[in-house]
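Raw coords21.cif, mmCIF, C-alpha atoms:
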```cif
data_model
loop_
_atom_site.label_atom_id
_atom_site.label_comp_id
_atom_site.auth_asym_id
_atom_site.auth_seq_id
_atom_site.Cartn_x
_atom_site.Cartn_y
_atom_site.Cartn_z
CA MET A 1 -4.75 -9.90 25.81
CA PRO A 2 -1.02 -10.04 24.98
CA GLN A 3 0.30 -13.56 25.01
CA SER A 4 3.83 -14.78 24.54
CA HIS A 5 4.57 -16.92 21.50
CA ASN A 6 5.12 -20.05 23.56
CA SER A 7 1.86 -19.85 25.48
CA ILE A 8 -0.26 -20.47 22.33
CA SER A 9 -0.83 -24.11 21.62
CA LYS A 10 -1.00 -25.54 18.11
CA THR A 11 -4.77 -25.99 18.34
CA ASP A 12 -5.70 -22.45 19.42
CA THR A 13 -8.22 -20.53 17.35
CA PHE A 14 -9.41 -16.96 16.93
CA SER A 15 -12.54 -15.62 15.30
CA CYS A 16 -12.28 -13.19 12.37
CA ILE A 17 -13.31 -9.63 13.18
CA GLN A 18 -14.92 -9.20 9.75
CA CYS A 19 -16.61 -12.47 8.78
CA GLY A 20 -16.69 -14.26 12.16
CA LEU A 21 -14.98 -17.38 10.86
CA THR A 22 -13.16 -19.42 13.49
CA VAL A 23 -9.56 -19.69 12.29
CA MET A 24 -6.64 -21.80 13.53
CA THR A 25 -3.90 -19.56 14.96
CA TYR A 26 -1.20 -21.46 13.08
CA GLY A 27 -1.27 -21.82 9.32
CA PRO A 28 -0.63 -25.00 7.33
CA ASP A 29 3.11 -24.21 7.16
CA GLY A 30 3.39 -23.88 10.94
CA ASP A 31 3.72 -20.07 10.93
CA ARG A 32 1.47 -17.82 12.93
CA ARG A 33 -1.46 -16.27 11.06
CA ASN A 34 -2.31 -12.60 11.21
CA HIS A 35 -5.27 -12.47 8.85
CA CYS A 36 -8.39 -14.49 8.11
CA PRO A 37 -7.81 -16.91 5.18
CA SER A 38 -11.40 -16.45 3.99
CA CYS A 39 -11.89 -12.65 3.83
CA LEU A 40 -8.19 -11.66 4.33
CA HIS A 41 -9.11 -9.09 7.00
CA SER A 42 -6.78 -8.55 9.93
CA ARG A 43 -6.88 -6.75 13.26
CA HIS A 44 -4.79 -3.76 14.35
CA LEU A 45 -2.79 -5.04 17.32
CA PHE A 46 0.73 -3.74 16.59
CA ASP A 47 1.72 -0.08 16.40
CA GLN A 48 3.91 0.31 13.28
CA VAL A 49 4.99 3.92 13.92
CA GLU A 50 6.28 3.62 17.48
CA GLY A 51 6.45 -0.17 17.84
CA GLY A 52 4.88 -2.27 20.55
CA PRO A 53 1.23 -3.23 21.01
CA SER A 54 -1.41 -0.85 19.67
CA ASP A 55 -4.56 0.02 21.60
CA CYS A 56 -6.55 0.53 18.38
CA GLY A 57 -7.74 -3.06 17.85
CA MET A 58 -9.86 -2.18 14.83
CA ARG A 59 -10.45 -4.12 11.61
CA MET A 60 -7.74 -3.93 8.96
CA ALA A 61 -8.87 -4.27 5.35
CA PRO A 62 -6.61 -5.70 2.61
CA ILE A 63 -5.86 -2.98 0.05
CA SER A 64 -3.23 -4.37 -2.30
CA ILE A 65 -0.71 -7.07 -3.19
CA ALA A 66 3.03 -6.41 -3.05
CA VAL A 67 5.59 -8.70 -4.63
CA LEU A 68 8.94 -9.24 -2.94
CA ARG A 69 12.18 -9.81 -4.84
CA SER A 70 11.88 -13.49 -3.99
CA GLY A 71 8.52 -13.58 -5.79
CA ASP A 72 6.49 -14.04 -2.61
CA TRP A 73 3.25 -12.10 -2.29
CA MET A 74 2.52 -9.82 0.64
CA ILE A 75 -0.88 -8.41 1.55
CA ILE A 76 -0.93 -4.72 2.46
CA HIS A 77 -3.51 -4.09 5.20
CA ARG A 78 -4.91 -0.71 6.20
CA CYS A 79 -6.61 -0.03 9.52
CA ALA A 80 -10.19 1.15 9.05
CA GLN A 81 -9.91 3.62 11.93
CA CYS A 82 -6.39 5.08 12.10
CA LEU A 83 -5.29 4.32 8.47
CA GLU A 84 -2.05 2.63 9.52
CA LEU A 85 -0.49 0.19 7.06
CA THR A 86 1.02 -3.23 7.63
CA SER A 87 2.32 -5.90 5.27
CA ASN A 88 1.81 -9.59 5.93
CA PRO A 89 2.94 -12.65 3.97
CA VAL A 90 0.34 -14.66 2.09
CA SER A 91 -0.53 -18.02 3.60
CA ARG A 92 -0.97 -21.17 1.50
CA ASP A 93 -4.70 -21.53 2.27
CA ASP A 94 -5.65 -17.87 1.70
CA ASN A 95 -8.65 -17.13 -0.50
CA GLN A 96 -7.08 -17.18 -3.99
CA LEU A 97 -10.09 -15.49 -5.59
CA LEU A 98 -9.74 -12.42 -3.37
CA LEU A 99 -5.96 -12.36 -3.92
CA MET A 100 -6.36 -12.45 -7.70
CA ARG A 101 -9.07 -9.80 -7.53
CA MET A 102 -6.75 -7.44 -5.66
CA ALA A 103 -3.85 -8.18 -8.03
CA VAL A 104 -5.78 -7.29 -11.20
CA ARG A 105 -7.78 -4.43 -9.68
CA PRO A 106 -5.48 -1.60 -10.92
CA LEU A 107 -5.77 -2.83 -14.50
CA ALA A 108 -9.55 -2.84 -14.35
CA GLN A 109 -9.69 0.92 -13.85
CA PRO A 110 -6.56 2.46 -15.39
CA PRO A 111 -6.26 6.26 -15.03
CA PHE A 112 -4.71 6.46 -18.51
CA PRO A 113 -5.54 4.62 -21.74
CA LEU A 114 -3.64 1.35 -22.06
CA GLU A 115 -3.97 1.17 -25.85
CA ALA A 116 -0.70 3.10 -26.35
CA PHE A 117 1.25 0.30 -24.67
CA GLY A 118 0.35 -2.09 -27.46
CA ASP A 119 2.80 -0.28 -29.76
CA LEU A 120 5.75 -0.65 -27.40
CA MET B 1 -9.30 10.84 -22.38
CA PRO B 2 -11.90 11.01 -19.62
CA ARG B 3 -13.10 7.52 -18.80
CA ARG B 4 -15.29 8.32 -15.83
CA ASN B 5 -17.98 10.90 -15.45
CA PRO B 6 -16.73 13.27 -12.72
CA SER B 7 -20.27 14.25 -11.70
CA THR B 8 -21.06 10.69 -10.59
CA ARG B 9 -18.00 10.48 -8.33
CA PRO B 10 -18.65 10.81 -4.61
CA ARG B 11 -17.50 14.13 -3.19
CA ARG B 12 -14.31 13.83 -1.16
CA ALA B 13 -13.07 16.10 1.59
CA PRO B 14 -10.80 18.85 0.20
CA GLN B 15 -7.05 18.40 0.56
CA ARG B 16 -5.30 19.75 3.65
CA ALA B 17 -3.74 23.23 3.49
CA LYS B 18 -0.02 23.09 2.79
CA HIS B 19 2.50 24.40 5.33
CA VAL B 20 5.51 22.30 4.35
CA LEU B 21 8.69 24.13 3.36
CA HIS B 22 11.05 22.41 0.94
CA GLY B 23 14.06 24.76 0.94
CA ILE B 24 17.33 24.39 2.87
CA GLY B 25 16.89 25.26 6.55
CA GLY B 26 13.11 25.33 6.26
CA GLU B 27 13.01 28.11 3.68
CA GLN B 28 10.31 28.36 1.09
CA GLY B 29 11.53 26.40 -1.91
CA SER B 30 9.91 25.67 -5.23
CA SER B 31 11.83 22.49 -6.03
CA PHE B 32 13.47 19.49 -4.40
CA ARG B 33 15.86 16.80 -5.56
CA CYS B 34 14.94 13.14 -5.79
CA LEU B 35 16.97 10.95 -3.41
CA THR B 36 17.13 8.05 -5.84
CA CYS B 37 17.54 9.46 -9.36
CA ARG B 38 18.81 12.98 -8.40
CA LEU B 39 16.28 14.69 -10.65
CA ASP B 40 15.33 18.28 -9.78
CA ILE B 41 11.56 18.39 -9.38
CA SER B 42 9.23 21.37 -9.09
CA THR B 43 6.84 21.13 -6.13
CA ALA B 44 3.91 22.13 -8.36
CA ALA B 45 2.24 19.00 -9.70
CA PRO B 46 -0.78 18.53 -11.93
CA GLY B 47 -3.65 16.79 -10.21
CA THR B 48 -2.45 17.19 -6.65
CA ALA B 49 -1.47 19.98 -4.24
CA HIS B 50 1.07 17.79 -2.43
CA ARG B 51 3.86 16.41 -4.56
CA ASN B 52 5.46 13.74 -2.41
CA HIS B 53 7.24 11.48 -4.86
CA CYS B 54 9.51 11.78 -7.88
CA PRO B 55 7.50 11.65 -11.14
CA ASN B 56 10.41 9.91 -12.87
CA CYS B 57 11.28 7.01 -10.52
CA LEU B 58 8.31 7.30 -8.08
CA ALA B 59 10.66 7.30 -5.06
CA SER B 60 9.75 9.33 -2.01
CA ARG B 61 11.38 10.31 1.30
CA HIS B 62 10.39 9.31 4.82
CA VAL B 63 9.78 12.64 6.57
CA ASP B 64 6.22 12.49 7.94
CA GLY B 65 5.03 10.79 11.11
CA ARG B 66 1.40 9.88 11.70
CA VAL B 67 -0.14 12.97 10.08
CA PRO B 68 0.73 13.83 6.45
CA GLY B 69 2.88 16.97 6.37
CA ASP B 70 3.85 16.98 10.07
CA ARG B 71 7.58 16.33 9.28
CA ALA B 72 7.84 14.51 12.63
CA GLN B 73 9.88 11.56 11.40
CA GLN B 74 13.64 11.64 11.94
CA CYS B 75 14.37 8.72 9.56
CA ARG B 76 14.72 10.73 6.29
CA GLY B 77 15.40 7.55 4.36
CA ALA B 78 14.43 6.97 0.74
CA MET B 79 11.05 5.33 0.17
CA ALA B 80 10.76 3.01 -2.83
CA ALA B 81 7.45 2.45 -4.63
CA LEU B 82 6.23 -0.99 -3.56
CA CYS B 83 2.85 -1.59 -5.17
CA LEU B 84 -0.38 0.01 -6.34
CA SER B 85 -3.68 0.12 -4.54
CA VAL B 86 -7.05 1.28 -5.88
CA ARG B 87 -9.51 3.48 -4.04
CA GLN B 88 -13.26 2.97 -4.10
CA ASP B 89 -13.61 5.71 -6.75
CA GLY B 90 -11.03 4.05 -9.01
CA GLU B 91 -8.09 6.32 -8.24
CA TRP B 92 -4.68 4.65 -8.12
CA MET B 93 -2.67 5.01 -4.92
CA LEU B 94 1.06 4.34 -4.60
CA VAL B 95 2.27 2.34 -1.60
CA HIS B 96 5.80 3.35 -0.58
CA GLN B 97 8.10 1.40 1.71
CA CYS B 98 10.99 3.05 3.55
CA VAL B 99 14.33 1.50 2.62
CA GLU B 100 15.72 2.19 6.12
CA CYS B 101 12.90 1.27 8.50
CA ASN B 102 10.34 -0.60 6.30
CA THR B 103 7.52 1.82 7.15
CA LEU B 104 4.64 1.85 4.64
CA LYS B 105 2.89 4.98 3.32
CA VAL B 106 0.13 5.53 0.79
CA ASN B 107 0.26 8.46 -1.66
CA ARG B 108 -1.96 9.58 -4.50
CA ILE B 109 -0.41 9.35 -7.95
CA ALA B 110 0.16 12.66 -9.75
CA GLY B 111 -0.78 13.61 -13.31
CA ASP B 112 2.82 13.63 -14.57
CA ASP B 113 3.99 10.36 -13.02
CA ASN B 114 5.95 8.02 -15.28
CA VAL B 115 3.27 5.86 -16.87
CA LEU B 116 5.66 3.03 -17.76
CA VAL B 117 6.91 2.69 -14.19
CA LEU B 118 3.33 2.78 -12.89
CA LEU B 119 2.26 0.05 -15.27
CA ARG B 120 5.29 -2.06 -14.36
CA LEU B 121 4.22 -1.83 -10.72
CA ALA B 122 0.65 -2.76 -11.59
CA LEU B 123 1.77 -5.78 -13.60
CA ARG B 124 4.28 -7.07 -11.05
CA PRO B 125 1.90 -9.55 -9.33
CA LEU B 126 0.84 -10.87 -12.73
CA ALA B 127 4.45 -11.55 -13.80
CA ASP B 128 4.72 -14.20 -11.06
CA PRO B 129 5.51 -17.65 -12.56
CA ARG B 130 3.27 -19.27 -9.92
CA LEU B 131 0.31 -17.23 -11.10
CA ARG B 132 -1.05 -20.03 -13.28
CA SER B 133 -1.63 -22.35 -10.33
CA ARG B 134 -3.11 -19.47 -8.34
CA ALA B 135 -5.56 -18.67 -11.12
CA LEU B 136 -6.63 -22.31 -11.36
CA LEU B 137 -7.11 -22.47 -7.59
CA ALA B 138 -9.27 -19.36 -7.74
CA LEU B 139 -11.74 -20.96 -10.13
#
```
Write the structure described by the file as structure tokens, please.
Amino acid sequence: MPQSHNSISKTDTFSCIQCGLTVMTYGPDGDRRNHCPSCLHSRHLFDQVEGGPSDCGMRMAPISIAVLRSGDWMIIHRCAQCLELTSNPVSRDDNQLLLMRMAVRPLAQPPFPLEAFGDL
Amino acid sequence: MPRRNPSTRPRRAPQRAKHVLHGIGGEQGSSFRCLTCRLDISTAAPGTAHRNHCPNCLASRHVDGRVPGDRAQQCRGAMAALCLSVRQDGEWMLVHQCVECNTLKVNRIAGDDNVLVLLRLALRPLADPRLRSRALLAL
């Protein structure tokens, strides 16, 4: 159900589509959350290609970490059904273990040998 | 150096047939020019049937809409490589972000992509000065 920003009170909650955790709508910094802080999954509610609300509503899995010029981390989410991508800022109480796991994941399975970089 | 046994990999669906024309005015072309570094690039790439980014600077161009290869997008802006993602089978994927409209796209890496630039992208989260506190929080 689309709601305007003002109609959500500070104590509202939503339940995570993946792990079922009940999450406060607003994060510790007062900004609105768009993913579960425990499993980092999100829900596809905004259409990135044409703009406006999306009627997909499926689970969005976190696939990678992007770093902005300011040094802030963003989580890249991909919809499990229609493969659309979104990027969302990391919240202060997000699961740090999952964030670190995503950040070091490319180095765990490199497609080329990394030994040559030791000589550089 | 093969690190993974190809026979144990799960079988993926074959790549889509290619109907995209690279030449001027929709003609059949065998090369295109990178928007960012102006390098002339052949459309034939090792490891993939769809070259969609520059092997030198990894930049791409925003031409496709929802379906890869549909050329439905009117933006035509440059897309800069943003970060790396890893598939279930261990293959690296490049995430591109459009400089004009901030749209995100995922592309497979090709066999001749610049390894140094790829590794710089992979190491970017780990170069964060706040990483130490993050790592301690994760324990």
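Minimum distance to chain A across B:Asp112, B:Asp40, B:Glu91, B:Asp64 (counting all atoms listed in the file) occurs at B:Glu91.
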Report as number ranges by chain the residues that result from applying the PyMOL selection byres ((chain A) within 7 of (chain B)) to the structure here. A: 63-67, 71, 85-86, 96-97, 103, 105-106, 109
Given the PyMOL selection byres ((chain A and resi 92) around 8), the residues it picks as a list in words: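 In the shown coordinates, the PyMOL selection byres ((chain A and resi 92) around 8) covers Gly27, Pro28, Asp29, Val90, Ser91, Asp93 and Asp94 of chain A.
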Give me a file of those residues, with C-alpha atoms, as a PDB file, keeping the file's coordinate frame.
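After the write, out-v4.pdb holds the following:
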```pdb
ATOM      1  CA  GLY A  27      -1.270 -21.820   9.320  1.00  0.00           C
ATOM      2  CA  PRO A  28      -0.630 -25.000   7.330  1.00  0.00           C
ATOM      3  CA  ASP A  29       3.110 -24.210   7.160  1.00  0.00           C
ATOM      4  CA  VAL A  90       0.340 -14.660   2.090  1.00  0.00           C
ATOM      5  CA  SER A  91      -0.530 -18.020   3.600  1.00  0.00           C
ATOM      6  CA  ASP A  93      -4.700 -21.530   2.270  1.00  0.00           C
ATOM      7  CA  ASP A  94      -5.650 -17.870   1.700  1.00  0.00           C
TER       8      ASP A  94
END
```
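Using all atoms listed in the file, the shortest contact distance between Leu98 of chain A and any of A:Val23, A:Ala61, A:Thr11, A:His44 is found at A:Ala61.
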Using only C-alpha atoms, the best pick from A:Asn88, A:Gly118, A:Ile76, A:Arg69 as closest to Asp31 of chain A would be A:Asn88
Please write out, as lines of an AutoDock Vina configuration file, where the centre of an axis-aligned box around all listed atoms of segment 44-50 of chain A lies and how long its edges are, in Å to one decimal, after adding 4 Å on each side.
```
center_x = 0.7
center_y = -0.6
center_z = 15.4
size_x = 19.1
size_y = 17.0
size_z = 12.2
```
Report, in Å to a single decimal, how far apart atom CA of Met60 of chain A and atom CA of Arg78 of chain A are. 5.1 Å
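As for atom CA of Glu115 of chain A and atom CA of Ala45 of chain B, they are spaced 24.8 Å apart.
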Expand the PyMOL selection byres ((chain B and resi 62) around 7) into the individual residues it matches in the shown file, reporting them as a ChimeraX atom specification. /B:60-61,63-64,73,75-79,98
Can I get the selected residues back with C-alpha atoms, as a PDB file, keeping the file's coordinate frame?
```pdb
ATOM      1  CA  SER B  60       9.750   9.330  -2.010  1.00  0.00           C
ATOM      2  CA  ARG B  61      11.380  10.310   1.300  1.00  0.00           C
ATOM      3  CA  VAL B  63       9.780  12.640   6.570  1.00  0.00           C
ATOM      4  CA  ASP B  64       6.220  12.490   7.940  1.00  0.00           C
ATOM      5  CA  GLN B  73       9.880  11.560  11.400  1.00  0.00           C
ATOM      6  CA  CYS B  75      14.370   8.720   9.560  1.00  0.00           C
ATOM      7  CA  ARG B  76      14.720  10.730   6.290  1.00  0.00           C
ATOM      8  CA  GLY B  77      15.400   7.550   4.360  1.00  0.00           C
ATOM      9  CA  ALA B  78      14.430   6.970   0.740  1.00  0.00           C
ATOM     10  CA  MET B  79      11.050   5.330   0.170  1.00  0.00           C
ATOM     11  CA  CYS B  98      10.990   3.050   3.550  1.00  0.00           C
TER      12      CYS B  98
END
```
What does the distance between atom CA of Asp12 of chain A and atom CA of Gly57 of chain A come to in Å, to one decimal place?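 Pair atom CA of Asp12 of chain A / atom CA of Gly57 of chain A returns 19.6 Å.
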Among listed residues B:Ala110, B:Arg132, B:Arg71, B:Ala59, nearest Thr43 of chain B (using all atoms listed in the file): B:Ala110
Near-Leu58 of chain B list (7 Å; only C-alpha atoms; drop same-chain fewer than 4 positions) as a PyMOL selection string: chain B and resi 53-54+81
Complete segment 5-25 of chain A at the level of N, CA and C atoms, written as a compact mmCIF listing (two decimals), in the frame of the given file.
```
# COMPACT_ATOMS: atom_id res chain seq x y z
N HIS A 5 4.66 -15.98 22.61
CA HIS A 5 4.57 -16.92 21.50
C HIS A 5 4.42 -18.36 21.99
N ASN A 6 5.10 -18.67 23.11
CA ASN A 6 5.12 -20.05 23.56
C ASN A 6 3.82 -20.48 24.22
N SER A 7 3.05 -19.49 24.72
CA SER A 7 1.86 -19.85 25.48
C SER A 7 0.70 -20.26 24.58
N ILE A 8 0.84 -20.11 23.24
CA ILE A 8 -0.26 -20.47 22.33
C ILE A 8 -0.02 -21.89 21.84
N SER A 9 -0.99 -22.73 22.06
CA SER A 9 -0.83 -24.11 21.62
C SER A 9 -1.18 -24.22 20.14
N LYS A 10 -0.82 -25.34 19.55
CA LYS A 10 -1.00 -25.54 18.11
C LYS A 10 -2.48 -25.60 17.72
N THR A 11 -3.35 -25.82 18.68
CA THR A 11 -4.77 -25.99 18.34
C THR A 11 -5.59 -24.76 18.68
N ASP A 12 -4.94 -23.65 19.07
CA ASP A 12 -5.70 -22.45 19.42
C ASP A 12 -6.38 -21.85 18.20
N THR A 13 -7.48 -21.16 18.44
CA THR A 13 -8.22 -20.53 17.35
C THR A 13 -8.53 -19.08 17.72
N PHE A 14 -8.85 -18.29 16.70
CA PHE A 14 -9.41 -16.96 16.93
C PHE A 14 -10.54 -16.77 15.94
N SER A 15 -11.46 -15.84 16.24
CA SER A 15 -12.54 -15.62 15.30
C SER A 15 -12.29 -14.32 14.55
N CYS A 16 -12.56 -14.33 13.25
CA CYS A 16 -12.28 -13.19 12.37
C CYS A 16 -13.17 -12.02 12.75
N ILE A 17 -12.58 -10.83 12.77
CA ILE A 17 -13.31 -9.63 13.18
C ILE A 17 -14.29 -9.19 12.09
N GLN A 18 -14.05 -9.62 10.86
CA GLN A 18 -14.92 -9.20 9.75
C GLN A 18 -16.01 -10.23 9.47
N CYS A 19 -15.61 -11.49 9.21
CA CYS A 19 -16.61 -12.47 8.78
C CYS A 19 -16.99 -13.46 9.88
N GLY A 20 -16.31 -13.40 11.04
CA GLY A 20 -16.69 -14.26 12.16
C GLY A 20 -16.24 -15.69 12.05
N LEU A 21 -15.46 -16.01 11.03
CA LEU A 21 -14.98 -17.38 10.86
C LEU A 21 -13.99 -17.74 11.97
N THR A 22 -14.13 -18.95 12.50
CA THR A 22 -13.16 -19.42 13.49
C THR A 22 -11.95 -19.98 12.77
N VAL A 23 -10.77 -19.39 13.05
CA VAL A 23 -9.56 -19.69 12.29
C VAL A 23 -8.51 -20.26 13.24
N MET A 24 -7.77 -21.27 12.76
CA MET A 24 -6.64 -21.80 13.53
C MET A 24 -5.55 -20.73 13.61
N THR A 25 -4.93 -20.59 14.78
CA THR A 25 -3.90 -19.56 14.96
C THR A 25 -2.67 -19.85 14.10
```
